[in-house]
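Working notes for the structure below.
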Amino acid sequence: MRDRLPWLRPITALTVTTLFFVPLYLVLANVFKPGDRISGSPAALPLPPTLDNITAVLSRPDRLFWVSLTNSVIITGLSVVALTLLSAMLGHYLARNDSGWTKVLTLVLLAGLMIPPQVILIPITDVLKAFHLMGTVPGLVLFNIGYYVPFGVFVFAGFIRGIPIELEEAARVDGARPGQVFWRVVFPLLRPASASVVIFLSVWIWNDFINPLVILGPGRGTTVTTGVYRSIGQYQTDFGSVFALMFLATLPVLVFYLALQKHFVKGLTGGATKG
């Protein structure tokens, strides 16, 4: 099949690349285009380019972008740090124990991966209201931890199974306690898996829209994604500001991904053929 149709793979790759590139092109082109030209010719090149849209977003009187950016950094940072530490510890426990209890816990976590967050969002809001956490940043952080911890656990557990258990046994022989074995021997070896977990969870939490909108509420807080939603009025829309907000909201997570990309694939595949 490959010899008969040598053109099929490059054509398919070019088509898929084009489909992914078109939305990116529209955002980049319209960020640097005057607002009155966007609705009339959204696909036209930004000639001459202008920074008015970005300047308008950064200097808004209500500081929508800066408030949204601060909230997103705080929510994403707290959630990812807590998720990484908890997932690494729980993943280590599941990888090094083969009891009936761990199998039940694994099935529970696996079920958590199969449930869309929108399905459990209403029950979660009832729980948050009962503990007076609705409309607060801690409430959204706790929701993120509870929902995304299964993903981190399975990534860490698969990676840990590829680490020789003799390293831990040697540390115990030298007198190290279980906590010291994990933090001083195992956790430093989890850098590739940690990078993969951090990248995935950071992108997911940063780009989340419905959960911050419902849990924080439109009047109590906003993130970069809900900030774009708030910038769209009922009777008028400044498309230049909308595209500029989307562009600025993407930059931090893009830079973060590029900084950790060398560990990304290694962390995902580290436990794929072992254990």
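Every chain in the structure tokens takes a letter, A first, then B, and so on in the order presented; its residues are numbered from 1, and the ligands are numbered from 1 following the presented order.
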Closest atom pairs, residues of stretch 43-68 of chain A within 10 Å of stretch 238-243 of chain A, only C-alpha atoms, as a Markdown table:
```
| residue | atom | partner | partner_atom | distance |
| --- | --- | --- | --- | --- |
| A:Asp52 | CA | A:Gly240 | CA | 8.5 |
| A:Asn53 | CA | A:Gly240 | CA | 5.3 |
| A:Ile54 | CA | A:Ser241 | CA | 7.1 |
| A:Thr55 | CA | A:Ser241 | CA | 9.2 |
| A:Ala56 | CA | A:Ser241 | CA | 7.0 |
| A:Val57 | CA | A:Ser241 | CA | 6.0 |
| A:Leu58 | CA | A:Ser241 | CA | 9.7 |
| A:Arg60 | CA | A:Ser241 | CA | 10.0 |
```
Practice task
Among the residues of stretch 69-184 of chain A, find those DSSP assigns to alpha helix (DSSP H) from the backbone and print them as an NGL selection string.
Solution key: :A and (69-96 or 100-114 or 117-130 or 137-160 or 166-173 or 178-180)
Handout entry: Exercise: stretch 61-67 of chain A partners within 12 Å, only C-alpha atoms, chain neighbours under 2 positions left out, as JSON, numbers by chain
Key = {"A": [54, 55, 56, 57, 58, 59, 69, 70, 71, 72, 73, 74, 220, 221, 222, 223, 224, 225, 226, 227, 228, 229, 230, 231, 241, 242, 244, 245, 246, 247, 248, 249]}
Problem - Selection: 12 Å around A:Ile115, only C-alpha atoms, excl. self and same-chain fewer than 6 positions, as a list in words - result: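 Close residues of A:Ile115: Val108, Leu109, Leu121, Tyr147, Tyr148 and Pro150 of chain A.
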Selection file, N, CA, C and O atoms, as a PDB file, in the first residue's frame:
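The result, written out as result.pdb:
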```pdb
ATOM      1  N   VAL A 108     -11.195   2.687  41.142  1.00  0.00           N
ATOM      2  CA  VAL A 108     -11.891   3.938  41.455  1.00  0.00           C
ATOM      3  C   VAL A 108     -11.263   5.101  40.696  1.00  0.00           C
ATOM      4  O   VAL A 108     -11.957   5.949  40.119  1.00  0.00           O
ATOM      5  N   LEU A 109      -9.935   5.159  40.678  1.00  0.00           N
ATOM      6  CA  LEU A 109      -9.246   6.213  39.947  1.00  0.00           C
ATOM      7  C   LEU A 109      -9.494   6.103  38.444  1.00  0.00           C
ATOM      8  O   LEU A 109      -9.647   7.114  37.751  1.00  0.00           O
ATOM      9  N   LEU A 121     -20.321  18.395  37.798  1.00  0.00           N
ATOM     10  CA  LEU A 121     -20.162  19.791  38.201  1.00  0.00           C
ATOM     11  C   LEU A 121     -21.270  20.240  39.146  1.00  0.00           C
ATOM     12  O   LEU A 121     -20.996  20.929  40.139  1.00  0.00           O
ATOM     13  N   TYR A 147     -10.449  16.233  40.545  1.00  0.00           N
ATOM     14  CA  TYR A 147     -10.789  15.686  39.233  1.00  0.00           C
ATOM     15  C   TYR A 147      -9.559  15.201  38.460  1.00  0.00           C
ATOM     16  O   TYR A 147      -9.620  14.183  37.776  1.00  0.00           O
ATOM     17  N   TYR A 148      -8.443  15.898  38.571  1.00  0.00           N
ATOM     18  CA  TYR A 148      -7.288  15.581  37.727  1.00  0.00           C
ATOM     19  C   TYR A 148      -6.274  14.640  38.380  1.00  0.00           C
ATOM     20  O   TYR A 148      -5.336  14.211  37.717  1.00  0.00           O
ATOM     21  N   PRO A 150      -6.435  11.456  39.156  1.00  0.00           N
ATOM     22  CA  PRO A 150      -6.262  10.130  38.541  1.00  0.00           C
ATOM     23  C   PRO A 150      -5.283  10.131  37.376  1.00  0.00           C
ATOM     24  O   PRO A 150      -4.491   9.186  37.224  1.00  0.00           O
TER      25      PRO A 150
END
```
Practice task
Tell me which protein, DNA and RNA residues are within 8 Å of A:Val253, counting only C-alpha atoms, leaving out same-chain ones fewer than 5 positions away, and put them as a PyMOL selection string.
Solution key: chain A and resi 202-203+206
Exercise for the section: Tell me which protein, DNA and RNA residues are within 12 Å of A:Ile124, counting only C-alpha atoms, leaving out same-chain ones fewer than 5 positions away, and put them as JSON, numbers by chain. Expected result: {"A": [117, 118, 119, 129, 130, 131, 133, 134, 139, 140, 142, 143, 144, 146, 147, 211, 214, 215]}
Practice task
In Å, rounded to a single decimal, give me how far atom CA of A:Thr136 is from atom CA of A:Ala88.
Solution key: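 It comes out at 26.5 Å.
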Handout entry: A:Leu86, A:Leu14, A:Val80, A:Val31 ranked by distance to A:Pro46, top pick (using only C-alpha atoms)
Key =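 Using only C-alpha atoms, A:Pro46 sits closest to A:Val31.
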Practice task
Find, counting only C-alpha atoms, the residue in A:Leu90, A:Ile199, A:Val186, A:Leu213 that gets nearest to A:Val255.
Solution key: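 Checking each of A:Leu90, A:Ile199, A:Val186, A:Leu213 against A:Val255, counting only C-alpha atoms, the winner is A:Ile199.
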Practice task
For atom CA of A:Ser87 and atom CA of A:Val149, determine how far apart the two atoms are, in Å to one decimal place.
Solution key: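 Separating atom CA of A:Ser87 from atom CA of A:Val149 is a distance of 5.9 Å.
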Fill in the blank from the handout: Separating atom CA of A:Leu26 from atom CA of A:Gly40, to the nearest tenth of an Å, is a gap of 13.1 Å
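Using only C-alpha atoms for every distance, the candidate list A:Ala29, A:Val181, A:Ile75, A:Leu254 yields A:Ala29 as the residue closest to A:Pro49.
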